[in-house]
$ cat target.cif   # mmCIF, C-alpha atoms (C1' of nucleotides)
data_query
loop_
_atom_site.label_atom_id
_atom_site.label_comp_id
_atom_site.auth_asym_id
_atom_site.auth_seq_id
_atom_site.Cartn_x
_atom_site.Cartn_y
_atom_site.Cartn_z
CA MET A 1440 0.00 0.00 0.00
CA PHE A 1441 2.79 2.37 0.96
CA GLU A 1442 5.13 0.80 -1.54
CA PRO A 1443 5.69 3.96 -3.61
CA LEU A 1444 6.54 5.88 -0.46
CA LEU A 1445 9.01 3.27 0.72
CA GLN A 1446 10.68 3.30 -2.65
CA HIS A 1447 10.84 7.05 -2.58
CA ILE A 1448 12.45 7.07 0.83
CA SER A 1449 14.92 4.41 -0.29
CA ARG A 1450 16.15 6.73 -2.99
CA PHE A 1451 17.51 9.01 -0.26
CA VAL A 1452 18.28 6.90 2.81
CA GLN A 1453 18.95 3.21 3.35
CA LEU A 1454 16.61 1.44 5.72
CA THR A 1455 16.39 -2.14 6.97
CA ASP A 1456 13.06 -3.93 6.68
CA ALA A 1457 12.50 -3.46 10.40
CA GLU A 1458 13.12 0.27 10.05
CA LYS A 1459 10.74 0.44 7.11
CA ASP A 1460 8.03 -1.09 9.27
CA LEU A 1461 8.72 1.42 11.98
CA VAL A 1462 8.55 4.31 9.53
CA MET A 1463 5.25 3.18 8.10
CA GLN A 1464 3.65 2.99 11.51
CA HIS A 1465 3.68 6.75 11.54
CA PHE A 1466 1.71 7.15 8.34
CA THR A 1467 -1.94 6.65 7.67
CA TYR A 1468 -3.54 5.83 4.36
CA LYS A 1469 -6.33 7.85 2.81
CA ARG A 1470 -8.38 7.43 -0.32
CA LEU A 1471 -9.77 10.63 -1.81
CA SER A 1472 -12.47 10.98 -4.43
CA LYS A 1473 -12.16 13.68 -7.05
CA LYS A 1474 -12.93 17.04 -5.44
CA ASP A 1475 -12.41 15.85 -1.85
CA PHE A 1476 -10.57 18.39 0.26
CA VAL A 1477 -7.76 17.75 2.70
CA LEU A 1478 -7.28 21.42 3.57
CA SER A 1479 -9.56 24.46 3.37
CA GLU A 1480 -8.97 28.15 3.90
CA GLY A 1481 -9.06 28.97 7.57
CA ASP A 1482 -7.99 25.50 8.71
CA VAL A 1483 -4.79 25.12 10.65
CA CYS A 1484 -2.82 22.70 8.54
CA ALA A 1485 -1.90 19.63 10.56
CA GLU A 1486 -0.62 17.16 7.99
CA SER A 1487 1.63 16.60 5.01
CA TYR A 1488 0.54 14.43 2.12
CA PHE A 1489 2.51 12.10 -0.08
CA VAL A 1490 0.68 11.17 -3.27
CA LEU A 1491 0.79 7.41 -3.84
CA GLN A 1492 -1.52 7.54 -6.84
CA GLY A 1493 -3.50 10.37 -8.40
CA LEU A 1494 -3.21 14.13 -8.31
CA LEU A 1495 -3.73 16.90 -5.78
CA ARG A 1496 -3.70 20.64 -6.21
CA MET A 1497 -3.19 23.58 -3.86
CA TYR A 1498 -4.84 26.92 -4.60
CA PHE A 1499 -6.17 30.05 -2.98
CA ILE A 1500 -8.93 32.54 -3.71
CA LYS A 1501 -7.71 35.83 -5.12
CA ASP A 1502 -9.01 39.25 -4.20
CA LYS A 1503 -11.19 39.25 -7.27
CA GLY A 1504 -12.58 35.85 -6.40
CA GLN A 1505 -10.89 33.57 -8.91
CA ASN A 1506 -8.86 30.51 -7.97
CA GLN A 1507 -5.12 30.81 -8.17
CA LEU A 1508 -3.38 27.47 -8.45
CA ILE A 1509 -0.07 27.34 -6.62
CA GLN A 1510 1.04 23.77 -6.98
CA PHE A 1511 0.17 20.35 -8.30
CA ALA A 1512 1.24 17.18 -6.54
CA LEU A 1513 1.59 14.16 -8.77
CA GLU A 1514 2.60 10.66 -7.75
CA ASN A 1515 5.67 10.75 -5.51
CA TRP A 1516 5.30 14.39 -4.57
CA TRP A 1517 4.73 15.84 -1.16
CA ILE A 1518 2.28 18.64 -0.60
CA THR A 1519 1.26 20.78 2.35
CA ASP A 1520 0.90 24.39 3.44
CA GLN A 1521 4.29 24.71 5.05
CA THR A 1522 3.56 28.09 6.63
CA SER A 1523 0.36 27.01 8.27
CA LEU A 1524 1.87 23.71 9.39
CA ASP A 1525 5.01 25.27 10.89
CA MET A 1526 3.42 28.25 12.56
CA GLN A 1527 0.09 26.61 13.33
CA LYS A 1528 -1.69 29.56 11.76
CA PRO A 1529 -4.90 29.39 9.70
CA SER A 1530 -4.17 28.57 6.08
CA ILE A 1531 -5.12 30.68 3.11
CA PHE A 1532 -5.01 27.64 0.84
CA PHE A 1533 -7.24 24.83 -0.28
CA ILE A 1534 -5.84 21.41 -1.15
CA ASP A 1535 -8.12 19.02 -3.00
CA ALA A 1536 -8.06 16.02 -5.32
CA VAL A 1537 -8.06 16.63 -9.06
CA GLU A 1538 -8.57 12.91 -9.66
CA ASP A 1539 -9.40 10.01 -7.36
CA THR A 1540 -6.25 9.89 -5.31
CA GLU A 1541 -4.51 7.77 -2.68
CA VAL A 1542 -2.25 9.51 -0.22
CA ALA A 1543 0.03 8.67 2.66
CA VAL A 1544 -0.70 11.08 5.49
CA LEU A 1545 1.90 12.26 7.97
CA SER A 1546 0.56 14.41 10.76
CA LYS A 1547 2.76 17.03 12.36
CA LYS A 1548 2.70 15.04 15.57
CA SER A 1549 3.59 11.78 13.83
CA MET A 1550 6.39 13.49 12.01
CA GLU A 1551 7.85 14.71 15.29
CA GLU A 1552 7.58 11.24 16.78
CA LEU A 1553 9.08 9.65 13.70
CA LEU A 1554 12.03 12.00 13.76
CA ALA A 1555 12.56 11.45 17.46
CA ALA A 1556 12.50 7.69 16.98
CA MET A 1557 14.54 7.65 13.79
CA PRO A 1558 16.84 10.65 13.46
CA GLN A 1559 18.12 9.32 10.15
CA MET A 1560 14.78 10.39 8.67
CA GLU A 1561 15.83 13.99 9.18
CA ARG A 1562 18.03 13.42 6.21
CA TYR A 1563 15.18 12.25 4.02
CA PHE A 1564 13.08 15.28 4.80
CA ARG A 1565 16.01 17.61 4.39
CA LEU A 1566 16.66 16.25 0.92
CA ILE A 1567 12.99 16.46 -0.03
CA MET A 1568 12.89 20.08 1.05
CA GLN A 1569 16.08 20.79 -0.83
CA ARG A 1570 14.62 19.41 -4.03
CA TYR A 1571 11.52 21.45 -3.48
CA VAL A 1572 13.59 24.61 -3.07
CA ALA A 1573 15.44 23.84 -6.28
CA ALA A 1574 12.16 23.28 -8.14
CA VAL A 1575 10.67 26.50 -6.86
CA GLN A 1576 13.75 28.52 -7.79
CA MET A 1577 13.45 27.19 -11.32
CA ARG A 1578 9.75 27.91 -11.48
CA LEU A 1579 10.23 31.48 -10.32
CA THR A 1580 12.92 31.90 -12.90
CA TYR A 1581 10.92 30.99 -15.93
CA PHE A 1582 7.89 32.76 -14.54
CA LEU A 1583 9.75 36.01 -14.35
CA ASP A 1584 11.35 35.63 -17.74
CA GLN A 1585 8.67 34.35 -20.05
CA SER A 1586 5.48 35.51 -21.70
CA ALA A 1587 2.20 33.67 -21.30
CA GLU A 1588 2.78 31.78 -24.52
CA GLU A 1589 6.33 30.83 -23.60
CA ARG A 1590 5.23 29.60 -20.18
CA TYR A 1591 2.65 27.36 -21.79
CA ARG A 1592 5.05 25.89 -24.33
CA PHE A 1593 7.75 25.45 -21.73
CA PHE A 1594 5.42 23.64 -19.37
CA SER A 1595 4.01 21.40 -22.09
CA LYS A 1596 7.48 20.38 -23.12
CA LEU A 1597 8.64 19.87 -19.54
CA PHE A 1598 5.69 17.66 -18.58
CA PRO A 1599 4.46 16.07 -21.78
CA GLY A 1600 1.35 14.04 -21.12
CA PHE A 1601 0.51 15.87 -17.94
CA VAL A 1602 -1.26 18.59 -19.88
CA GLN A 1603 -3.82 16.06 -21.09
CA ARG A 1604 -4.47 14.95 -17.54
CA ILE A 1605 -5.85 18.24 -16.25
CA PRO A 1606 -8.60 20.59 -17.39
CA GLN A 1607 -7.35 23.55 -19.31
CA TYR A 1608 -8.57 26.13 -16.85
CA MET A 1609 -6.42 24.60 -14.13
CA LEU A 1610 -3.35 24.76 -16.28
CA ALA A 1611 -4.18 28.36 -17.15
CA SER A 1612 -4.41 29.22 -13.48
CA TYR A 1613 -1.13 27.48 -12.69
CA LEU A 1614 0.57 29.37 -15.50
CA ASN A 1615 -1.05 32.59 -14.30
CA ILE A 1616 -2.96 33.33 -17.48
CA THR A 1617 -6.69 33.51 -18.10
CA PRO A 1618 -8.48 30.54 -19.69
CA GLU A 1619 -9.39 32.76 -22.66
CA VAL A 1620 -5.80 33.64 -23.39
CA LEU A 1621 -4.65 30.05 -23.04
CA SER A 1622 -7.35 28.97 -25.46
CA LYS A 1623 -6.13 31.51 -27.99
CA ILE A 1624 -2.52 30.44 -27.57
CA ARG A 1625 -3.46 26.82 -28.22
CA ALA A 1626 -5.50 27.81 -31.29
CA LYS A 1627 -2.40 29.36 -32.80
CA LYS A 1628 -1.09 26.02 -34.13
CA MET B 757 33.50 35.85 13.96
CA PHE B 758 30.92 33.13 13.36
CA GLU B 759 28.90 34.27 16.31
CA PRO B 760 25.73 35.12 14.32
CA LEU B 761 25.84 31.70 12.69
CA LEU B 762 26.25 29.91 16.00
CA GLN B 763 23.34 31.82 17.41
CA HIS B 764 21.27 30.99 14.38
CA ILE B 765 22.02 27.28 14.69
CA SER B 766 21.21 27.41 18.39
CA ARG B 767 17.73 28.58 17.57
CA PHE B 768 17.07 25.18 15.97
CA VAL B 769 19.34 22.62 17.64
CA GLN B 770 21.14 22.49 20.97
CA LEU B 771 24.91 22.09 20.80
CA THR B 772 27.61 21.83 23.44
CA ASP B 773 30.60 24.15 23.18
CA ALA B 774 32.72 21.28 21.88
CA GLU B 775 30.14 20.58 19.20
CA LYS B 776 30.04 24.21 18.23
CA ASP B 777 33.78 24.15 17.71
CA LEU B 778 33.45 21.08 15.57
CA VAL B 779 30.71 22.65 13.47
CA MET B 780 32.71 25.79 12.87
CA GLN B 781 35.67 23.84 11.61
CA HIS B 782 33.67 23.09 8.50
CA PHE B 783 33.05 26.71 7.64
CA THR B 784 35.36 29.28 6.19
CA TYR B 785 35.07 33.01 6.54
CA LYS B 786 35.00 35.39 3.62
CA ARG B 787 34.88 39.14 3.37
CA LEU B 788 33.30 40.52 0.21
CA SER B 789 33.48 44.03 -1.10
CA LYS B 790 30.44 45.53 -2.74
CA LYS B 791 30.02 43.99 -6.20
CA ASP B 792 32.24 40.98 -5.52
CA PHE B 793 30.81 37.80 -6.97
CA VAL B 794 30.62 34.42 -5.31
CA LEU B 795 28.83 32.78 -8.24
CA SER B 796 28.61 33.60 -11.95
CA GLU B 797 26.54 32.18 -14.78
CA GLY B 798 28.14 29.03 -16.11
CA ASP B 799 29.89 28.15 -12.85
CA VAL B 800 29.02 24.94 -11.12
CA CYS B 801 27.89 26.09 -7.70
CA ALA B 802 29.99 24.48 -4.99
CA GLU B 803 29.08 26.39 -1.85
CA SER B 804 26.31 27.78 0.30
CA TYR B 805 26.62 31.14 1.97
CA PHE B 806 25.37 32.35 5.31
CA VAL B 807 25.36 36.14 5.61
CA LEU B 808 26.98 37.26 8.87
CA GLN B 809 26.81 40.91 8.01
CA GLY B 810 25.79 42.74 4.85
CA LEU B 811 23.64 41.82 1.88
CA LEU B 812 23.87 39.49 -1.10
CA ARG B 813 21.63 39.14 -4.10
CA MET B 814 21.01 36.40 -6.65
CA TYR B 815 19.92 37.27 -10.18
CA PHE B 816 20.01 36.06 -13.76
CA ILE B 817 20.13 37.66 -17.17
CA LYS B 818 16.83 37.60 -19.03
CA ASP B 819 16.34 36.91 -22.72
CA LYS B 820 16.12 40.63 -23.37
CA GLY B 821 19.32 41.24 -21.47
CA GLN B 822 18.09 42.83 -18.26
CA ASN B 823 18.89 41.52 -14.79
CA GLN B 824 16.15 39.67 -13.00
CA LEU B 825 16.60 39.58 -9.25
CA ILE B 826 15.48 36.34 -7.64
CA GLN B 827 16.45 36.70 -4.04
CA PHE B 828 18.12 38.89 -1.45
CA ALA B 829 20.05 37.44 1.47
CA LEU B 830 20.23 39.68 4.50
CA GLU B 831 21.96 38.93 7.80
CA ASN B 832 21.10 35.43 9.02
CA TRP B 833 19.92 34.18 5.65
CA TRP B 834 21.36 31.40 3.59
CA ILE B 835 21.78 31.72 -0.13
CA THR B 836 22.90 29.41 -2.92
CA ASP B 837 21.82 28.03 -6.29
CA GLN B 838 20.28 24.86 -4.99
CA THR B 839 19.81 23.31 -8.42
CA SER B 840 23.37 23.83 -9.52
CA LEU B 841 24.72 22.72 -6.15
CA ASP B 842 22.65 19.54 -6.00
CA MET B 843 23.01 18.43 -9.59
CA GLN B 844 26.47 19.86 -10.15
CA LYS B 845 25.24 21.55 -13.29
CA PRO B 846 26.32 24.99 -14.54
CA SER B 847 24.34 27.76 -12.91
CA ILE B 848 22.25 30.35 -14.70
CA PHE B 849 22.58 32.71 -11.74
CA PHE B 850 24.92 35.33 -10.43
CA ILE B 851 25.36 35.94 -6.72
CA ASP B 852 27.13 39.11 -5.66
CA ALA B 853 27.43 41.53 -2.78
CA VAL B 854 25.11 44.53 -2.69
CA GLU B 855 27.10 45.97 0.20
CA ASP B 856 30.41 45.04 1.79
CA THR B 857 29.51 41.71 3.27
CA GLU B 858 30.89 39.01 5.54
CA VAL B 859 29.80 35.45 4.92
CA ALA B 860 30.30 32.01 6.38
CA VAL B 861 31.02 29.64 3.54
CA LEU B 862 30.01 25.98 3.56
CA SER B 863 31.26 23.99 0.61
CA LYS B 864 29.27 21.01 -0.63
CA LYS B 865 32.09 18.76 0.47
CA SER B 866 32.30 20.32 3.93
CA MET B 867 28.59 20.03 4.31
CA GLU B 868 28.73 16.34 3.57
CA GLU B 869 31.55 15.88 6.05
CA LEU B 870 29.78 17.93 8.66
CA LEU B 871 26.61 15.90 8.30
CA ALA B 872 28.55 12.64 8.44
CA ALA B 873 30.33 13.77 11.60
CA MET B 874 27.29 15.33 13.25
CA PRO B 875 24.02 13.86 12.05
CA GLN B 876 22.12 16.18 14.38
CA MET B 877 22.95 18.95 11.94
CA GLU B 878 20.60 17.33 9.43
CA ARG B 879 17.86 18.72 11.57
CA TYR B 880 19.19 22.25 11.35
CA PHE B 881 19.36 22.17 7.60
CA ARG B 882 15.98 20.55 7.29
CA LEU B 883 14.43 23.32 9.34
CA ILE B 884 16.22 26.01 7.33
CA MET B 885 14.93 24.51 4.12
CA GLN B 886 11.46 24.25 5.54
CA ARG B 887 11.43 27.92 6.42
CA TYR B 888 12.67 28.72 2.96
CA VAL B 889 9.87 26.70 1.39
CA ALA B 890 7.33 28.52 3.53
CA ALA B 891 8.78 31.89 2.53
CA VAL B 892 8.74 31.05 -1.14
CA GLN B 893 5.15 29.82 -1.01
CA MET B 894 4.16 33.14 0.50
CA ARG B 895 6.12 35.10 -2.06
CA LEU B 896 4.53 33.24 -4.94
CA THR B 897 1.15 33.87 -3.43
CA TYR B 898 1.35 37.60 -3.26
CA PHE B 899 3.11 37.74 -6.57
CA LEU B 900 0.26 36.01 -8.29
CA ASP B 901 -2.41 38.05 -6.58
CA GLN B 902 -1.19 41.61 -6.56
CA SER B 903 -0.60 44.48 -8.98
CA ALA B 904 2.76 46.21 -9.31
CA GLU B 905 1.69 48.92 -6.91
CA GLU B 906 0.34 46.47 -4.37
CA ARG B 907 3.54 44.44 -4.48
CA TYR B 908 5.58 47.55 -3.77
CA ARG B 909 3.44 48.67 -0.86
CA PHE B 910 3.27 45.16 0.56
CA PHE B 911 7.02 44.74 0.42
CA SER B 912 7.71 48.15 1.93
CA LYS B 913 5.42 47.38 4.80
CA LEU B 914 6.82 43.88 5.28
CA PHE B 915 10.44 45.03 5.37
CA PRO B 916 10.40 48.62 6.54
CA GLY B 917 13.87 50.10 6.42
CA PHE B 918 15.14 47.56 3.94
CA VAL B 919 13.83 49.60 1.05
CA GLN B 920 16.22 52.41 1.94
CA ARG B 921 19.11 50.01 1.96
CA ILE B 922 18.96 49.04 -1.71
CA PRO B 923 18.92 50.99 -4.96
CA GLN B 924 15.49 51.38 -6.43
CA TYR B 925 16.25 49.49 -9.61
CA MET B 926 17.10 46.39 -7.60
CA LEU B 927 13.84 46.56 -5.74
CA ALA B 928 12.01 47.05 -9.03
CA SER B 929 13.66 43.97 -10.45
CA TYR B 930 12.84 41.91 -7.36
CA LEU B 931 9.22 43.01 -7.56
CA ASN B 932 9.21 42.28 -11.28
CA ILE B 933 8.37 45.78 -12.44
CA THR B 934 10.39 48.23 -14.49
CA PRO B 935 12.33 51.02 -12.75
CA GLU B 936 10.20 53.56 -14.62
CA VAL B 937 6.96 52.14 -13.30
CA LEU B 938 8.29 51.90 -9.76
CA SER B 939 9.38 55.51 -9.95
CA LYS B 940 5.90 56.54 -10.98
CA ILE B 941 4.31 54.51 -8.22
CA ARG B 942 6.49 56.19 -5.63
CA ALA B 943 5.71 59.62 -7.04
CA LYS B 944 2.03 59.00 -6.40
CA LYS B 945 2.45 59.93 -2.69
"C1'" DC C 803 34.90 68.60 -10.34
"C1'" DG C 804 33.34 65.61 -13.91
"C1'" DA C 805 31.77 61.20 -15.64
"C1'" DA C 806 28.86 57.54 -15.01
"C1'" DA C 807 24.92 55.67 -12.94
"C1'" DA C 808 20.34 56.09 -11.07
"C1'" DT C 809 16.02 58.19 -11.14
"C1'" DT C 810 12.31 60.84 -13.10
"C1'" DT C 811 9.06 62.18 -16.57
"C1'" DG C 812 6.28 61.95 -20.77
"C1'" DA C 813 4.59 59.87 -25.13
"C1'" DC C 814 3.39 55.87 -27.09
"C1'" DA C 815 2.91 50.66 -27.78
"C1'" DT C 816 1.21 46.18 -26.51
"C1'" DG C 817 0.31 41.83 -24.08
"C1'" DA C 818 -2.94 40.21 -21.34
"C1'" DC C 819 -7.47 41.00 -19.14
"C1'" DT C 820 -12.56 41.56 -19.00
"C1'" DC C 821 -16.87 40.89 -20.76
"C1'" DA C 822 -20.15 38.75 -23.54
"C1'" DA C 823 -21.89 35.61 -26.72
"C1'" DC C 824 -21.60 31.19 -28.67
"C1'" DT C 825 -20.38 26.04 -29.14
"C1'" DG C 826 -19.90 21.50 -27.75
"C1'" DG C 827 -19.62 17.70 -24.67
"C1'" DA C 828 -20.57 15.36 -20.10
"C1'" DG C 829 -23.57 14.13 -16.75
"C1'" DT C 830 -28.31 13.63 -14.84
"C1'" DG C 831 -33.06 12.65 -14.30
"C1'" DG C 832 -37.46 11.58 -16.23
"C1'" DC D 959 -32.08 6.94 -24.10
"C1'" DC D 960 -33.53 11.39 -25.03
"C1'" DA D 961 -33.86 16.20 -23.35
"C1'" DC D 962 -31.94 19.42 -20.57
"C1'" DT D 963 -28.60 21.70 -17.95
"C1'" DC D 964 -24.19 22.95 -16.78
"C1'" DC D 965 -19.55 23.60 -17.32
"C1'" DA D 966 -15.41 23.95 -20.17
"C1'" DG D 967 -13.65 25.85 -23.95
"C1'" DT D 968 -13.66 29.19 -27.96
"C1'" DT D 969 -13.92 33.58 -30.24
"C1'" DG D 970 -14.16 38.58 -30.82
"C1'" DA D 971 -14.31 43.48 -29.28
"C1'" DG D 972 -12.80 46.85 -26.36
"C1'" DT D 973 -9.86 48.31 -22.26
"C1'" DC D 974 -6.09 48.82 -19.15
"C1'" DA D 975 -1.89 48.01 -16.66
"C1'" DT D 976 2.57 47.79 -17.54
"C1'" DG D 977 6.29 47.91 -20.82
"C1'" DT D 978 9.40 50.48 -24.12
"C1'" DC D 979 11.88 54.28 -25.62
"C1'" DA D 980 13.93 58.70 -25.21
"C1'" DA D 981 15.24 62.75 -23.00
"C1'" DA D 982 15.95 65.50 -18.82
"C1'" DT D 983 17.50 65.69 -14.10
"C1'" DT D 984 19.68 64.23 -9.95
"C1'" DT D 985 22.87 61.55 -7.31
"C1'" DT D 986 27.03 59.01 -6.56
"C1'" DC D 987 31.69 58.46 -6.38
"C1'" DG D 988 36.41 58.23 -8.24
#
$ encode --input "target.cif" --output "structure tokens"
Amino acid sequence: MFEPLLQHISRFVQLTDAEKDLVMQHFTYKRLSKKDFVLSEGDVCAESYFVLQGLLRMYFIKDKGQNQLIQFALENWWITDQTSLDMQKPSIFFIDAVEDTEVAVLSKKSMEELLAAMPQMERYFRLIMQRYVAAVQMRLTYFLDQSAEERYRFFSKLFPGFVQRIPQYMLASYLNITPEVLSKIRAKK
Amino acid sequence: MFEPLLQHISRFVQLTDAEKDLVMQHFTYKRLSKKDFVLSEGDVCAESYFVLQGLLRMYFIKDKGQNQLIQFALENWWITDQTSLDMQKPSIFFIDAVEDTEVAVLSKKSMEELLAAMPQMERYFRLIMQRYVAAVQMRLTYFLDQSAEERYRFFSKLFPGFVQRIPQYMLASYLNITPEVLSKIRAKK
DNA sequence: CGAAAATTTGACATGACTCAACTGGAGTGG
DNA sequence: CCACTCCAGTTGAGTCATGTCAAATTTTCG
């Protein structure tokens, strides 16, 4: 059930079978239907989610009322509102399932217990965070450099196949362009 | 010399005096004059920098040739090109000193040795990365939601005093607006 | 002091947005 | 299984925020 997670962890730290069992005792399993929420605006975020299968998204509601997508989480990605989780402040984000999705859930409390019991897991989470930082730096970079059309083409090339998996309006929001403009860009060839 | 760094570490993990000595053996000290570079485009990034005193910036050169500022690093902030450092690929960024600056330097190799010698430091770096992720999520959020003028006012309020410390064109670049537009915004009262 | 760099100001251009109308497909209930 | 509704996507017209370019002014610093 947690096989993808165990494999993911193994890519960063070596664990014995006994240790793997111990790690997994700190996670719970959750099955989400499309559109189910795991976090809503105003909630204090208490958990991190690892996507075993499916797709989650994180977004917030802009001043004008539209959704602004911040992040997708595909298989083998972690997602959470780090600010809300760390500071135990109400979140401004929603996290919900774009497709039927299975996740491994790690509560803040369980994470603390896991790290106390197995300090070598600090390393795993450090490396995960480091990768996330690298990814975000890259995203910022092309965001600040490229036009709407370039962002679309760049993204499509970077994640071929993924574009077909999500409705166009979500992609538009992620790329920070309106659905109308994205539609026109796609019509152009 | 490394006092600010030791204090910073102490905010996240407890160390004995002997351990502190051991930690500091992995760092080197560097004094930068304004405009000195620690990373240039094309270099493979080999080090992370902790600002003891002063101010660094990271930027890249856009398609059109202008500088695009990605990040400042004030006292007690870490800065590096995480992608280049992790993957050992040539960087697209420059990092240089906005003011005369003193930094603690941690090379990739020293970091690995430090973590091997003192696994409890994994925790420190995990927490640093976590804070960074939280900060970047927030930055993305207001970036995607606000107009040029709102970004300026938000930033000025968030970091009062800092605005006076940097030339206006750098702030404009960081906020992703042109110097001309920022000038006009400021003229408006 | 003088040169170079930063900032300001104005005229004009444009990429992306808003709004509105239309089209087509997916899902639902009778 | 058809009819109906609803939502996603498309298309076009008009607008606006921000960008570009150029020239004038001020500040910085060797």
$ interface_residues --input "target.cif" --of "chain D" --to "chain B" --cutoff "10 Å" --atoms "all atoms listed in the file" --output "list in words"
DA975, DT976, DG977 and DT978 of chain D
$ closest_residue --input "target.cif" --among "A:Met1550, A:Ile1518, A:Met1440, A:Ile1624" --to "Val889 in chain B" --atoms "only C-alpha atoms"
A:Ile1518
$ resolve_selection --input "target.cif" --expression "the PyMOL selection byres ((chain D and resi 987) around 12)" --output "MDAnalysis selection string"
(chainID C and resid 803:807) or (chainID D and resid 985:986 988)
$ closest_residue --input "target.cif" --among "A:Pro1618, A:Leu1444, A:Tyr1563, A:Met1526" --to "chain C" --atoms "all atoms listed in the file"
A:Pro1618
$ interface_residues --input "target.cif" --of "chain A" --to "chain B" --cutoff "6 Å" --atoms "all atoms listed in the file" --output "short mmCIF file (atom, residue, chain, number, x, y, z; two decimals) with C-alpha atoms, in the frame of the given file"
data_model
loop_
_atom_site.label_atom_id
_atom_site.label_comp_id
_atom_site.auth_asym_id
_atom_site.auth_seq_id
_atom_site.Cartn_x
_atom_site.Cartn_y
_atom_site.Cartn_z
CA LYS A 1501 -7.71 35.83 -5.12
CA GLN A 1521 4.29 24.71 5.05
CA THR A 1522 3.56 28.09 6.63
CA GLU A 1561 15.83 13.99 9.18
CA ARG A 1562 18.03 13.42 6.21
CA ARG A 1565 16.01 17.61 4.39
CA MET A 1568 12.89 20.08 1.05
CA ALA A 1573 15.44 23.84 -6.28
CA ASP A 1584 11.35 35.63 -17.74
#
$ atom_distance --input "target.cif" --atom1 "CA of His782 in chain B" --atom2 "CA of Leu811 in chain B"
22.3 Å
$ interface_residues --input "target.cif" --of "chain C" --to "chain B" --cutoff "12 Å" --atoms "only C-alpha atoms (C1' of nucleotides)" --output "number ranges by chain"
C: 807-812
$ build_atoms --input "target.cif" --residues "range 860-871 of chain B" --atoms "N, CA and C atoms" --output "mmCIF file, in the coordinates of the input"
data_model
loop_
_atom_site.group_PDB
_atom_site.id
_atom_site.type_symbol
_atom_site.label_atom_id
_atom_site.label_comp_id
_atom_site.auth_asym_id
_atom_site.auth_seq_id
_atom_site.Cartn_x
_atom_site.Cartn_y
_atom_site.Cartn_z
ATOM 1 N N ALA B 860 29.758 33.313 6.006
ATOM 2 C CA ALA B 860 30.300 32.010 6.380
ATOM 3 C C ALA B 860 30.046 31.096 5.192
ATOM 4 N N VAL B 861 31.103 30.447 4.746
ATOM 5 C CA VAL B 861 31.020 29.640 3.540
ATOM 6 C C VAL B 861 31.006 28.163 3.914
ATOM 7 N N LEU B 862 30.063 27.433 3.350
ATOM 8 C CA LEU B 862 30.010 25.980 3.560
ATOM 9 C C LEU B 862 30.042 25.308 2.204
ATOM 10 N N SER B 863 31.166 24.661 1.909
ATOM 11 C CA SER B 863 31.260 23.990 0.610
ATOM 12 C C SER B 863 30.418 22.718 0.643
ATOM 13 N N LYS B 864 30.052 22.257 -0.528
ATOM 14 C CA LYS B 864 29.270 21.010 -0.630
ATOM 15 C C LYS B 864 29.996 19.881 0.098
ATOM 16 N N LYS B 865 31.292 19.810 -0.150
ATOM 17 C CA LYS B 865 32.090 18.760 0.470
ATOM 18 C C LYS B 865 32.091 18.887 2.000
ATOM 19 N N SER B 866 32.303 20.117 2.478
ATOM 20 C CA SER B 866 32.300 20.320 3.930
ATOM 21 C C SER B 866 30.946 20.007 4.529
ATOM 22 N N MET B 867 29.921 20.314 3.794
ATOM 23 C CA MET B 867 28.590 20.030 4.310
ATOM 24 C C MET B 867 28.407 18.529 4.461
ATOM 25 N N GLU B 868 28.851 17.800 3.474
ATOM 26 C CA GLU B 868 28.730 16.340 3.570
ATOM 27 C C GLU B 868 29.526 15.798 4.753
ATOM 28 N N GLU B 869 30.729 16.331 4.923
ATOM 29 C CA GLU B 869 31.550 15.880 6.050
ATOM 30 C C GLU B 869 30.920 16.272 7.383
ATOM 31 N N LEU B 870 30.414 17.469 7.427
ATOM 32 C CA LEU B 870 29.780 17.930 8.660
ATOM 33 C C LEU B 870 28.598 17.034 9.021
ATOM 34 N N LEU B 871 27.786 16.713 8.023
ATOM 35 C CA LEU B 871 26.610 15.900 8.300
ATOM 36 C C LEU B 871 26.991 14.465 8.660
#
